[in-house]
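Note sheet for the following structure.
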Amino acid sequence: MHPRIPSPAILRQTPSKLPEAVEAALACAREHEDLGAYLTLLEERAREQAAQVVARVNAGERLPLAGYLVAVKDNIAIKDVPLTCGSKILDHHPSVFTATAVERLERAGAVIIGKTNLDEFAMGSSTENSALKQTLHPRDISRVPGGSSGGSAVALAIGSCHAALGSETGGSVRQPAAFCGVCGLKPTYGRISRYGLVAFGSSLDQIAPFASTCEELYPVLCAMSGADPRDATSASAPVPSSQKLTEPDRKLRIGVLRDYLEHESLAPDIASASRDAIERLRSDGHELIDLHLPVLSYSIPVYYIVATAEASSNLARFDGVRYGFRHPEADELSQVYDLSRGGGFGPEVRRRIMMGTYVLSAGYYDAYYNTALKVRRVIADALLDALSRVDVILTPTTPSTAFKIGEKVDDPVAMYLSDVFTVPANLAGVPALSVPWSDDSNGLPIGLQLIGKSFEEEFLLRSGMILERLRPTT
Ligand code: GLN
């Protein structure tokens, strides 16, 4: 799909064209309304912001993101704008503050176009768990765009923005990026403030950007990065400097996870795309090193214990008392809780809260939750040890390309396995990138994943540029 709006680089040279670009972006979003990417279009707000950016540039301010139109997942807060999390329980409750990441983007000159659809509270891999609308795959409307940040991936793929924010707990940006043929980066845990991101699994959650290329993604990451007094888990590691991104000036040592290439769930077209990538990287002079990390096979069970435990605690605040949906028939306190939560949350969120409550309950805490924390550490150590021996690790991003709508909704375990290759980076806290590589025999995008060392996103994106150069031309 061709971009409908001039690239950020062109807009930067001609900032006076920004208001026209905003109109083009809004028109594109409306033209593709049937794909269900957006929940709210911020038309007036975007127009005002564009005018302000033009004025700031004319006054001589140097704005690294001038020219960037950005869509934001609807679990990230923007003051006075509804924050739905794709759920009925929040009932279009307007946010009373703006997330640090969004504040920083706007300070750097970005214009926010709208809020995008997601799986309810970011729980899912297909955006089918949104209680508000269905988002469709931009190349085949009988398929899902991936999830949970499916709306943001589609908003970018149709060309209605230059970058989009999603959130990652277990793969929710890389997986839809791979499905929709765009780049998605999960930063190191702590790289970007979580202030204003509605919590799902707090030890895993990160705001994460999408863009069409690594080069366009990099300034967005730079603008959002850095310590924030409002998020105690944000890291004070030096923020990457926003200069032009170039490929590394040396050949790389690239780890190849053999276990994943031979994984039983890996689609044959993705296996051959991965082998092709390995061959092309080798011919380009890089050293490919086989890795065998069998402990990673525990990642999905560990993730679904840790993430649901944290979710059950985080989602306790949605109780029908303070804000959002309150069931009209509730007339005493326990009914306010029961009916509002029972009627406000969708089935997948209720399942996660129940699983999380179960693994944290007195009799099972040690058997499940504590054990999962120990295995998480072993998985993280294995990945960090492997990363100490190579520059980056290459894997497929997903076991399959975009699947059919409805195909996995009745089989939660099959849905959970969509994250089999993405979850380890979340458990270990390290950054990971999905780059589009080729198409499968149905014409659906295949993404490859590069996993990097903590706080080395810049190097990871520079490495991603190698894949972008080597990928087969279509
Ligand atoms: N698909 C995973 C889940 O359902 C990951 C979600 C995410 O990263 N937010 O939990």
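By order of appearance in the structure tokens: chains A, B, ..., then residues from 1 within every chain, and ligands from 1 in the order shown.
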**Item:** 9 Å contact set for Arg139 of chain A, only C-alpha atoms, chain neighbours under 3 positions out, as a ChimeraX atom specification
**Value:** /A:1,136,143,180,443-444
May I have the selected residues written with N, CA and C atoms, as a short mmCIF file (atom, residue, chain, number, x, y, z; two decimals), in the first residue's frame?
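Saved file again.cif follows:
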data_model
loop_
_atom_site.label_atom_id
_atom_site.label_comp_id
_atom_site.auth_asym_id
_atom_site.auth_seq_id
_atom_site.Cartn_x
_atom_site.Cartn_y
_atom_site.Cartn_z
N MET A 1 0.85 -1.20 0.00
CA MET A 1 0.00 0.00 0.00
C MET A 1 0.89 1.25 0.00
N LEU A 136 -9.37 -4.88 10.56
CA LEU A 136 -9.13 -5.86 9.50
C LEU A 136 -7.72 -5.71 8.93
N ARG A 143 -8.77 -11.40 7.17
CA ARG A 143 -7.74 -11.78 8.15
C ARG A 143 -7.56 -10.71 9.23
N CYS A 180 1.52 -6.92 9.31
CA CYS A 180 1.10 -5.83 8.42
C CYS A 180 2.25 -5.27 7.57
N GLY A 443 0.70 -13.80 -0.38
CA GLY A 443 0.93 -12.35 -0.49
C GLY A 443 0.86 -11.63 0.83
N LEU A 444 1.03 -12.37 1.93
CA LEU A 444 0.97 -11.75 3.26
C LEU A 444 2.39 -11.53 3.79
#
What's the 7 Å shell around segment 212-215 of chain A, counting only C-alpha atoms, without same-chain residues fewer than 4 positions away, as an mmCIF file with C-alpha atoms, in the first residue's frame?
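What landed in around_27.cif:
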data_model
loop_
_atom_site.group_PDB
_atom_site.id
_atom_site.type_symbol
_atom_site.label_atom_id
_atom_site.label_comp_id
_atom_site.auth_asym_id
_atom_site.auth_seq_id
_atom_site.Cartn_x
_atom_site.Cartn_y
_atom_site.Cartn_z
ATOM 1 C CA VAL A 182 5.953 -2.539 8.894
ATOM 2 C CA CYS A 183 8.781 -2.115 11.453
ATOM 3 C CA LEU A 245 20.920 6.345 11.266
ATOM 4 C CA LEU A 461 17.977 -0.453 14.400
ATOM 5 C CA GLY A 464 17.806 -3.777 11.034
ATOM 6 C CA MET A 465 18.903 -1.575 8.131
#
**Request:** For ligand 1, collect every residue having any atom at a distance of at most 9 Å from a ligand atom (counting only C-alpha atoms and all ligand atoms); output as a PyMOL selection string.
**Result:** chain A and resi 119+121-126+146-149+166-175+200-201+204-206+303-304+307-308+348+352+415-419+422-423+426
Which residues of segment 396-447 of chain A come within 12 Å of segment 277-290 of chain A, and for each one, what is the closest pair of atoms and their distance in Å to one decimal, counting only C-alpha atoms, sorted by chain and residue number, as JSON lines?
{"residue": "A:Pro396", "atom": "CA", "partner": "A:Ala277", "partner_atom": "CA", "distance": 10.0}
{"residue": "A:Val435", "atom": "CA", "partner": "A:Ala277", "partner_atom": "CA", "distance": 11.6}
{"residue": "A:Pro436", "atom": "CA", "partner": "A:Ala277", "partner_atom": "CA", "distance": 11.3}
{"residue": "A:Trp437", "atom": "CA", "partner": "A:Ala277", "partner_atom": "CA", "distance": 8.1}
{"residue": "A:Ser438", "atom": "CA", "partner": "A:Ala277", "partner_atom": "CA", "distance": 9.7}
{"residue": "A:Ile446", "atom": "CA", "partner": "A:Ala277", "partner_atom": "CA", "distance": 11.5}
{"residue": "A:Gly447", "atom": "CA", "partner": "A:Ala277", "partner_atom": "CA", "distance": 10.9}
**Asked** Hey, which of A:Asp391, A:Glu61, A:Asp91, A:Glu103 ends up closest to Leu450 of chain A? Count only C-alpha atoms.
**Response** A:Asp391
